[in-house]
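Undergrad: Pasting in a structure now, in structure tokens, and then I'll have a few things to ask.
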Amino acid sequence: MHRQEYFTGATIIAVFIALIGCTGNKNTAEDQPARFTKADSVAETYLELQDSMLNSWNRMINDDNHKIKAMKNLLHELTIAGKYDPEQVNSLEQRLEQLSRIRYTPRTMSNSDVVEEYDFASNSIVSELISMTESHPAFAYNETMQALVEKIRSADQRVTIYRDEYDRVAHRFNNFLERNKEYLGEIEVDTAQKKPLFQMVSGE
């Protein structure tokens, strides 16, 4: 009888200890999801900001590509219309082909010389090409030339708008990195580096 009571008492104590252990583990488990939820939230926001930067960058580059294409088409129109020295036209063609190759990237734009070199090359071609076109006798009645000149000018004016748009997103991204260093380290984001801004490159 005594042995049976002792066994029953020991069993009750063991169950009680197990319950306490479970409660402690439960609290720990409850704390853990909160930590993971924060890390998951940081990772999600990080990816969203990266997508926003990529979309903004692509819009800017696509618009620049359309401007280059319009300049090539305008140069083609001038070639058909005649009057200009073939060597001058060939020189413009070569410079236009080089534009895409010397254009800045999200990495190289941290070097102000790269951006300035591209801007100088692009602006000089735009200025020279439009000047040649508007001085051509056919420009007054050639609607194709007129439309291409307007397209190039409009795209040229949008450069600043697109760069400002990219800078706003990149600035948010940089601030986000600064505020969430701890969590970004936990989720092991290798590409979590601040992005250069056009505003910084241009010294504005």
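Ordered as shown in the structure tokens, chains take letters A, B, and onward, while each chain numbers its residues from 1 and ligands are numbered from 1 in the order shown.
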Can you tell me, as a PDB file with C-alpha atoms, in the first residue's frame, what residues are no more than 9 Å from Phe176 (chain A) when counting only C-alpha atoms, ignoring any on the same chain fewer than 6 positions away?
TA:
ATOM      1  CA  VAL A  42      12.807  42.788 -43.151  1.00  0.00           C
ATOM      2  CA  THR A  45      10.779  44.772 -47.512  1.00  0.00           C
ATOM      3  CA  TYR A  46      14.358  44.373 -48.721  1.00  0.00           C
ATOM      4  CA  LEU A  49      12.863  47.846 -52.406  1.00  0.00           C
TER       5      LEU A  49
END
Undergrad: Excluding Thr144 (chain A) and its own-chain neighbours fewer than 2 positions away, which residues fall within 12 Å of it when counting only C-alpha atoms? Please give them as a PyMOL selection string.
TA: chain A and resi 70+73-78+81+133+138-142+146-151
Undergrad: Measuring atom to atom with only C-alpha atoms, identify which of A:Glu116, A:Asp64, A:Asp51, A:Glu93 is nearest to Val159 (chain A).
TA: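 Of all the options, A:Asp64 lies closest to Val159 (chain A).
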Undergrad: In Å, with one decimal, what is the gap from CA of Ser56 (chain A) to CA of Glu165 (chain A)?
TA: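 Separation between CA of Ser56 (chain A) and CA of Glu165 (chain A): 6.9 Å.
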Undergrad: Report as a PDB file with N, CA and C atoms, in the first residue's frame all protein, DNA and RNA residues lying within 9 Å of His171 (chain A), evaluated on only C-alpha atoms, omitting residues in the same chain fewer than 4 positions from it.
TA:
ATOM      1  N   TYR A 166      14.869  57.377 -59.520  1.00  0.00           N
ATOM      2  CA  TYR A 166      15.749  56.308 -59.044  1.00  0.00           C
ATOM      3  C   TYR A 166      16.397  56.683 -57.717  1.00  0.00           C
ATOM      4  N   ASP A 167      16.842  57.920 -57.608  1.00  0.00           N
ATOM      5  CA  ASP A 167      17.485  58.380 -56.369  1.00  0.00           C
ATOM      6  C   ASP A 167      16.550  58.264 -55.165  1.00  0.00           C
ATOM      7  N   ASN A 175      18.521  53.960 -46.472  1.00  0.00           N
ATOM      8  CA  ASN A 175      18.035  54.203 -45.110  1.00  0.00           C
ATOM      9  C   ASN A 175      17.549  52.905 -44.462  1.00  0.00           C
ATOM     10  N   PHE A 176      16.895  52.072 -45.271  1.00  0.00           N
ATOM     11  CA  PHE A 176      16.412  50.788 -44.770  1.00  0.00           C
ATOM     12  C   PHE A 176      17.580  49.909 -44.315  1.00  0.00           C
ATOM     13  N   LYS A 194      24.868  49.762 -49.690  1.00  0.00           N
ATOM     14  CA  LYS A 194      24.250  51.021 -50.073  1.00  0.00           C
ATOM     15  C   LYS A 194      24.529  51.330 -51.543  1.00  0.00           C
ATOM     16  N   LYS A 195      23.568  51.988 -52.164  1.00  0.00           N
ATOM     17  CA  LYS A 195      23.664  52.306 -53.586  1.00  0.00           C
ATOM     18  C   LYS A 195      24.081  53.764 -53.794  1.00  0.00           C
ATOM     19  N   PRO A 196      24.922  54.017 -54.778  1.00  0.00           N
ATOM     20  CA  PRO A 196      25.272  55.408 -55.085  1.00  0.00           C
ATOM     21  C   PRO A 196      24.068  56.124 -55.682  1.00  0.00           C
ATOM     22  N   LEU A 197      24.012  57.432 -55.489  1.00  0.00           N
ATOM     23  CA  LEU A 197      22.913  58.242 -56.006  1.00  0.00           C
ATOM     24  C   LEU A 197      23.426  59.177 -57.092  1.00  0.00           C
TER      25      LEU A 197
END
Undergrad: Could you pull the residues within 12 Å of Val201 (chain A), counting only C-alpha atoms, minus those fewer than 5 positions along the same chain, as a list in words?
TA: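 My list of contacting residues is Tyr104, Pro106, Thr108, Met109, Ser110, Asn111, Ser112, Asp113, Val114, Val115, Glu116, Arg163, Asp167, Lys195 and Pro196 of chain A.
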Undergrad: Of the candidates A:Ala192, A:Leu177, A:Val169, A:Met132, which one gets nearest to Met145 (chain A) if we count only C-alpha atoms?
TA: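 Checking each candidate against Met145 (chain A), we get A:Met132 as the closest.
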Undergrad: Work out how far apart CA of Ser127 (chain A) and CA of Glu97 (chain A) are and give it in Å to one decimal.
TA: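 Interatomic distance here is 16.5 Å.
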Undergrad: Could you check how far CA of Met200 (chain A) sits from CA of Lys181 (chain A), in Å to one decimal?
TA: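 It comes out at 22.6 Å.
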Undergrad: When DSSP is applied to the backbone of this structure, which of region 16-202 of chain A are assigned alpha helix (DSSP H)? Write them out as a PyMOL selection string.
TA: chain A and resi 16-81+86-102+112-134+143-179+181-186+198-202
Undergrad: Would you mind telling me which residue in A:Phe198, A:Tyr162, A:Tyr183, A:Phe173 lies nearest to Arg59 (chain A) when using only C-alpha atoms?
TA: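 Nearest candidate to Arg59 (chain A) out of A:Phe198, A:Tyr162, A:Tyr183, A:Phe173: A:Tyr162.
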Undergrad: Quick one: of A:Leu96, A:Ala155, A:Leu54, A:Ile80, who's nearest to Glu128 (chain A), counting only C-alpha atoms?
TA: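 The answer is A:Leu96, which sits nearest to Glu128 (chain A).
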